[in-house]
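Text of start.pdb, listed as PDB, C-alpha atoms:
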ATOM      1  CA  MET R   3      27.607 -32.636  26.063  1.00  0.00           C
ATOM      2  CA  ALA R   4      24.844 -30.347  27.133  1.00  0.00           C
ATOM      3  CA  ASP R   5      27.426 -27.894  28.400  1.00  0.00           C
ATOM      4  CA  THR R   6      29.214 -27.784  25.078  1.00  0.00           C
ATOM      5  CA  GLU R   7      25.973 -27.083  23.246  1.00  0.00           C
ATOM      6  CA  LYS R   8      25.136 -24.296  25.676  1.00  0.00           C
ATOM      7  CA  ASP R   9      28.601 -22.872  25.277  1.00  0.00           C
ATOM      8  CA  ALA R  10      28.286 -23.016  21.476  1.00  0.00           C
ATOM      9  CA  VAL R  11      24.930 -21.211  21.555  1.00  0.00           C
ATOM     10  CA  LYS R  12      26.360 -18.602  23.939  1.00  0.00           C
ATOM     11  CA  ALA R  13      29.407 -18.128  21.738  1.00  0.00           C
ATOM     12  CA  ALA R  14      27.164 -17.661  18.655  1.00  0.00           C
ATOM     13  CA  LYS R  15      25.113 -14.996  20.470  1.00  0.00           C
ATOM     14  CA  ASP R  16      28.274 -13.219  21.602  1.00  0.00           C
ATOM     15  CA  ALA R  17      29.637 -13.297  18.046  1.00  0.00           C
ATOM     16  CA  GLU R  18      26.361 -11.874  16.757  1.00  0.00           C
ATOM     17  CA  LYS R  19      26.467  -9.046  19.308  1.00  0.00           C
ATOM     18  CA  ALA R  20      30.083  -8.304  18.395  1.00  0.00           C
ATOM     19  CA  ALA R  21      29.180  -8.176  14.693  1.00  0.00           C
ATOM     20  CA  LYS R  22      26.375  -5.703  15.405  1.00  0.00           C
ATOM     21  CA  LYS R  23      28.733  -3.498  17.442  1.00  0.00           C
ATOM     22  CA  ALA R  24      31.344  -3.580  14.684  1.00  0.00           C
ATOM     23  CA  LYS R  25      28.746  -2.632  12.102  1.00  0.00           C
ATOM     24  CA  GLN R  26      27.559   0.306  14.203  1.00  0.00           C
ATOM     25  CA  GLU R  27      31.156   1.493  14.591  1.00  0.00           C
ATOM     26  CA  ARG R  28      31.731   1.357  10.837  1.00  0.00           C
ATOM     27  CA  ILE R  29      28.527   3.378  10.274  1.00  0.00           C
ATOM     28  CA  LYS R  30      29.660   6.003  12.797  1.00  0.00           C
ATOM     29  CA  GLN R  31      33.052   6.262  11.155  1.00  0.00           C
ATOM     30  CA  SER R  32      31.630   6.515   7.613  1.00  0.00           C
ATOM     31  CA  LYS R  33      29.408   9.479   8.537  1.00  0.00           C
ATOM     32  CA  PRO R  34      31.224  12.729   8.028  1.00  0.00           C
ATOM     33  CA  LYS R  35      31.420  14.869  11.091  1.00  0.00           C
ATOM     34  CA  LYS R  36      29.595  18.146  10.824  1.00  0.00           C
ATOM     35  CA  GLU R  37      32.037  20.976  10.791  1.00  0.00           C
ATOM     36  CA  GLY R  38      31.064  24.597  11.237  1.00  0.00           C
ATOM     37  CA  ASN R  39      27.741  26.157  12.018  1.00  0.00           C
ATOM     38  CA  VAL R  40      24.467  25.915  10.126  1.00  0.00           C
ATOM     39  CA  ALA R  41      25.102  28.965   7.924  1.00  0.00           C
ATOM     40  CA  SER R  42      28.523  27.757   6.708  1.00  0.00           C
ATOM     41  CA  ARG R  43      27.144  24.265   5.985  1.00  0.00           C
ATOM     42  CA  ALA R  44      24.195  25.810   4.079  1.00  0.00           C
ATOM     43  CA  GLY R  45      26.584  27.973   2.062  1.00  0.00           C
ATOM     44  CA  LYS R  46      28.675  24.932   1.161  1.00  0.00           C
ATOM     45  CA  SER R  47      25.541  22.988   0.152  1.00  0.00           C
ATOM     46  CA  ILE R  48      24.337  25.819  -2.095  1.00  0.00           C
ATOM     47  CA  LYS R  49      27.774  26.126  -3.679  1.00  0.00           C
ATOM     48  CA  LYS R  50      27.850  22.380  -4.337  1.00  0.00           C
ATOM     49  CA  PHE R  51      24.324  22.497  -5.824  1.00  0.00           C
ATOM     50  CA  TRP R  52      25.238  25.270  -8.291  1.00  0.00           C
ATOM     51  CA  LYS R  53      28.434  23.469  -9.276  1.00  0.00           C
ATOM     52  CA  ASP R  54      26.475  20.269 -10.002  1.00  0.00           C
ATOM     53  CA  PHE R  55      23.748  22.253 -11.778  1.00  0.00           C
ATOM     54  CA  THR R  56      26.132  24.051 -14.135  1.00  0.00           C
ATOM     55  CA  GLY R  57      27.878  20.745 -14.882  1.00  0.00           C
ATOM     56  CA  THR R  58      24.539  19.174 -15.810  1.00  0.00           C
ATOM     57  CA  VAL R  59      23.479  22.138 -17.965  1.00  0.00           C
ATOM     58  CA  LYS R  60      26.737  21.896 -19.896  1.00  0.00           C
ATOM     59  CA  LYS R  61      25.829  18.294 -20.781  1.00  0.00           C
ATOM     60  CA  VAL R  62      22.511  19.324 -22.355  1.00  0.00           C
ATOM     61  CA  VAL R  63      22.427  19.097 -26.147  1.00  0.00           C
ATOM     62  CA  TRP R  64      20.352  22.000 -27.483  1.00  0.00           C
ATOM     63  CA  PRO R  65      18.403  21.370 -30.713  1.00  0.00           C
ATOM     64  CA  GLY R  66      19.354  23.231 -33.884  1.00  0.00           C
ATOM     65  CA  ARG R  67      17.136  25.671 -35.785  1.00  0.00           C
ATOM     66  CA  ALA R  68      15.903  23.028 -38.249  1.00  0.00           C
ATOM     67  CA  GLN R  69      14.910  20.628 -35.482  1.00  0.00           C
ATOM     68  CA  VAL R  70      13.074  23.383 -33.569  1.00  0.00           C
ATOM     69  CA  LEU R  71      11.134  24.388 -36.702  1.00  0.00           C
ATOM     70  CA  LYS R  72      10.274  20.753 -37.462  1.00  0.00           C
ATOM     71  CA  SER R  73       9.068  20.138 -33.917  1.00  0.00           C
ATOM     72  CA  SER R  74       7.034  23.363 -33.937  1.00  0.00           C
ATOM     73  CA  ALA R  75       5.365  22.347 -37.202  1.00  0.00           C
ATOM     74  CA  VAL R  76       4.454  18.947 -35.729  1.00  0.00           C
ATOM     75  CA  VAL R  77       2.950  20.621 -32.651  1.00  0.00           C
ATOM     76  CA  LEU R  78       0.915  23.099 -34.727  1.00  0.00           C
ATOM     77  CA  ALA R  79      -0.351  20.346 -37.039  1.00  0.00           C
ATOM     78  CA  SER R  80      -1.380  18.263 -34.022  1.00  0.00           C
ATOM     79  CA  ILE R  81      -3.247  21.215 -32.524  1.00  0.00           C
ATOM     80  CA  ILE R  82      -5.095  21.835 -35.791  1.00  0.00           C
ATOM     81  CA  VAL R  83      -6.061  18.157 -36.180  1.00  0.00           C
ATOM     82  CA  VAL R  84      -7.290  17.875 -32.589  1.00  0.00           C
ATOM     83  CA  GLY R  85      -9.178  21.175 -32.958  1.00  0.00           C
ATOM     84  CA  LEU R  86     -10.898  19.944 -36.124  1.00  0.00           C
ATOM     85  CA  VAL R  87     -11.879  16.678 -34.450  1.00  0.00           C
ATOM     86  CA  ILE R  88     -13.369  18.551 -31.471  1.00  0.00           C
ATOM     87  CA  TRP R  89     -15.137  20.985 -33.823  1.00  0.00           C
ATOM     88  CA  GLY R  90     -16.582  18.053 -35.782  1.00  0.00           C
ATOM     89  CA  PHE R  91     -17.899  16.391 -32.627  1.00  0.00           C
ATOM     90  CA  ASP R  92     -19.383  19.720 -31.538  1.00  0.00           C
ATOM     91  CA  GLN R  93     -21.146  20.243 -34.862  1.00  0.00           C
ATOM     92  CA  GLY R  94     -22.442  16.669 -34.869  1.00  0.00           C
ATOM     93  CA  LEU R  95     -23.817  16.961 -31.353  1.00  0.00           C
ATOM     94  CA  THR R  96     -25.363  20.359 -32.190  1.00  0.00           C
ATOM     95  CA  LEU R  97     -27.160  18.844 -35.182  1.00  0.00           C
ATOM     96  CA  LEU R  98     -28.207  15.806 -33.162  1.00  0.00           C
ATOM     97  CA  PHE R  99     -29.651  17.859 -30.301  1.00  0.00           C
ATOM     98  CA  GLY R 100     -31.255  20.328 -32.741  1.00  0.00           C
ATOM     99  CA  ALA R 101     -32.989  17.446 -34.517  1.00  0.00           C
ATOM    100  CA  GLY R 102     -34.080  16.064 -31.160  1.00  0.00           C
ATOM    101  CA  LYS R 103     -35.451  19.462 -30.147  1.00  0.00           C
ATOM    102  CA  ASP R 104     -37.367  19.780 -33.442  1.00  0.00           C
ATOM    103  CA  LEU R 105     -38.726  16.258 -33.033  1.00  0.00           C
ATOM    104  CA  ALA R 106     -39.832  17.020 -29.497  1.00  0.00           C
ATOM    105  CA  GLY R 107     -41.557  20.202 -30.713  1.00  0.00           C
ATOM    106  CA  LYS R 108     -43.427  18.310 -33.421  1.00  0.00           C
ATOM    107  CA  LEU R 109     -44.448  15.617 -30.971  1.00  0.00           C
ATOM    108  CA  GLY R 110     -45.625  18.307 -28.557  1.00  0.00           C
ATOM    109  CA  GLU R 111     -47.850  19.794 -31.244  1.00  0.00           C
ATOM    110  CA  GLN R 112     -49.340  16.408 -32.020  1.00  0.00           C
ATOM    111  CA  VAL R 113     -50.220  15.645 -28.432  1.00  0.00           C
ATOM    112  CA  ALA R 114     -53.920  15.102 -28.507  1.00  0.00           C
ATOM    113  CA  VAL R 115     -56.252  16.826 -26.148  1.00  0.00           C
ATOM    114  CA  THR R 116     -59.249  14.670 -25.631  1.00  0.00           C
ATOM    115  CA  GLU R 117     -62.596  16.188 -24.938  1.00  0.00           C
ATOM    116  CA  GLU R 118     -65.517  14.171 -23.900  1.00  0.00           C
ATOM    117  CA  VAL R 119     -68.665  15.151 -25.658  1.00  0.00           C
ATOM    118  CA  GLU R 120     -71.834  13.576 -24.509  1.00  0.00           C
ATOM    119  CA  SER R 121     -74.095  12.511 -27.323  1.00  0.00           C
ATOM    120  CA  GLY R 122     -77.667  12.824 -26.146  1.00  0.00           C
ATOM    121  CA  ALA R 123     -79.483  10.408 -23.889  1.00  0.00           C
ATOM    122  CA  GLU R 124     -77.373   7.334 -24.597  1.00  0.00           C
ATOM    123  CA  GLY R 125     -74.347   8.731 -22.714  1.00  0.00           C
ATOM    124  CA  ASP R 126     -71.856   7.759 -25.431  1.00  0.00           C
ATOM    125  CA  THR R 127     -68.686   9.777 -25.489  1.00  0.00           C
ATOM    126  CA  THR R 128     -66.734  10.942 -28.477  1.00  0.00           C
ATOM    127  CA  GLU R 129     -63.063  11.935 -28.423  1.00  0.00           C
ATOM    128  CA  ALA R 130     -62.013  14.995 -30.329  1.00  0.00           C
ATOM    129  CA  VAL R 131     -58.346  15.408 -31.202  1.00  0.00           C
ATOM    130  CA  VAL R 132     -57.179  19.003 -31.224  1.00  0.00           C
ATOM    131  CA  PRO R 133     -53.520  19.910 -31.791  1.00  0.00           C
ATOM    132  CA  THR R 134     -52.191  21.907 -28.846  1.00  0.00           C
ATOM    133  CA  GLY R 135     -50.878  24.704 -31.047  1.00  0.00           C
ATOM    134  CA  GLU R 136     -54.366  25.443 -32.423  1.00  0.00           C
ATOM    135  CA  GLN R 137     -56.172  25.059 -29.135  1.00  0.00           C
ATOM    136  CA  GLU R 138     -58.038  28.179 -27.989  1.00  0.00           C
ATOM    137  CA  THR R 139     -59.590  28.572 -24.610  1.00  0.00           C
ATOM    138  CA  GLU R 140     -63.031  30.010 -24.069  1.00  0.00           C
ATOM    139  CA  ALA R 141     -61.637  32.988 -22.168  1.00  0.00           C
ATOM    140  CA  GLU R 142     -59.258  33.865 -25.026  1.00  0.00           C
ATOM    141  CA  SER R 143     -62.040  33.729 -27.627  1.00  0.00           C
ATOM    142  CA  THR R 144     -64.351  35.868 -25.451  1.00  0.00           C
ATOM    143  CA  GLU R 145     -61.558  38.384 -24.859  1.00  0.00           C
ATOM    144  CA  ALA R 146     -60.798  38.616 -28.583  1.00  0.00           C
ATOM    145  CA  ALA R 147     -64.481  39.153 -29.428  1.00  0.00           C
ATOM    146  CA  THR R 148     -64.845  41.905 -26.802  1.00  0.00           C
ATOM    147  CA  GLU R 149     -61.738  43.656 -28.097  1.00  0.00           C
ATOM    148  CA  ALA R 150     -63.025  43.557 -31.688  1.00  0.00           C
ATOM    149  CA  GLU R 151     -66.399  45.002 -30.632  1.00  0.00           C
ATOM    150  CA  SER R 152     -64.758  47.850 -28.683  1.00  0.00           C
ATOM    151  CA  THR R 153     -62.546  48.670 -31.672  1.00  0.00           C
ATOM    152  CA  GLU R 154     -65.588  48.801 -33.981  1.00  0.00           C
ATOM    153  CA  ALA R 155     -67.489  51.007 -31.514  1.00  0.00           C
ATOM    154  CA  ALA R 156     -64.555  53.409 -31.218  1.00  0.00           C
ATOM    155  CA  SER R 157     -64.221  53.711 -34.988  1.00  0.00           C
ATOM    156  CA  ALA R 158     -67.996  54.318 -35.318  1.00  0.00           C
ATOM    157  CA  GLU R 159     -67.796  57.134 -32.755  1.00  0.00           C
ATOM    158  CA  ASP R 160     -64.854  58.692 -34.639  1.00  0.00           C
ATOM    159  CA  ASN R 161     -66.848  58.567 -37.892  1.00  0.00           C
ATOM    160  CA  ALA R 162     -69.875  60.196 -36.241  1.00  0.00           C
ATOM    161  CA  GLU R 163     -67.750  63.012 -34.819  1.00  0.00           C
ATOM    162  CA  SER R 164     -66.035  63.676 -38.124  1.00  0.00           C
ATOM    163  CA  GLU R 165     -69.414  63.846 -39.920  1.00  0.00           C
ATOM    164  CA  ALA R 166     -70.727  66.265 -37.286  1.00  0.00           C
ATOM    165  CA  VAL R 167     -67.691  68.497 -37.750  1.00  0.00           C
ATOM    166  CA  THR R 168     -68.045  68.513 -41.535  1.00  0.00           C
ATOM    167  CA  GLU R 169     -71.733  69.368 -41.386  1.00  0.00           C
ATOM    168  CA  GLY R 170     -71.331  72.147 -38.900  1.00  0.00           C
TER     169      GLY R 170
END
Now that the file is in, can you turn its structure into structure tokens?
Amino acid sequence: MADTEKDAVKAAKDAEKAAKKAKQERIKQSKPKKEGNVASRAGKSIKKFWKDFTGTVKKVVWPGRAQVLKSSAVVLASIIVVGLVIWGFDQGLTLLFGAGKDLAGKLGEQVAVTEEVESGAEGDTTEAVVPTGEQETEAESTEAATEAESTEAASAEDNAESEAVTEG
């Protein structure tokens, strides 16, 4: 009995091998043999491509004038609507950021500069709030005063010279 089982297994393996060989033979036979050189095969392939291409192009249904105009109108209307939506978002964001910039400017002007001022012997301090836009440094005020004095002196000299010329 063991021999019959071994023989059956062996027969199944042989049948499987035979089926694989038969399948490989069918595949070899179904493949067309390449005839001619590379250039002639390429020429035939190109010819076949153009034949298939022209056949496909003949199947295309071209739209009529009315359908083309209708489709063009839909495309133009879509472009206009999308453009208006983008323009609206742009204007809204411009206003939003402009308002934010103005708000930041106003807040910047209101930023308080605190100065400690000692009040006598007690050592108490007082805070003075000065808007940054109106703040003037000591150097700027001194410079402005010097410039005003030099302008007055120059005009006084000009007056003295003109009086000397008129008298003489």
Can you measure atom CA of R:Asp104 to atom CA of R:Gly85 for me? One decimal in Å is fine.
28.2 Å
If you measure from atom CA of R:Glu27 to atom CA of R:Ser47, what distance in Å do you get, rounded to one decimal?
26.5 Å
Atomic distance atom CA of R:Leu71 - atom CA of R:Val87, expressed in Å with one decimal:
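Interatomic distance, atom CA of R:Leu71 to atom CA of R:Val87: 24.4 Å.
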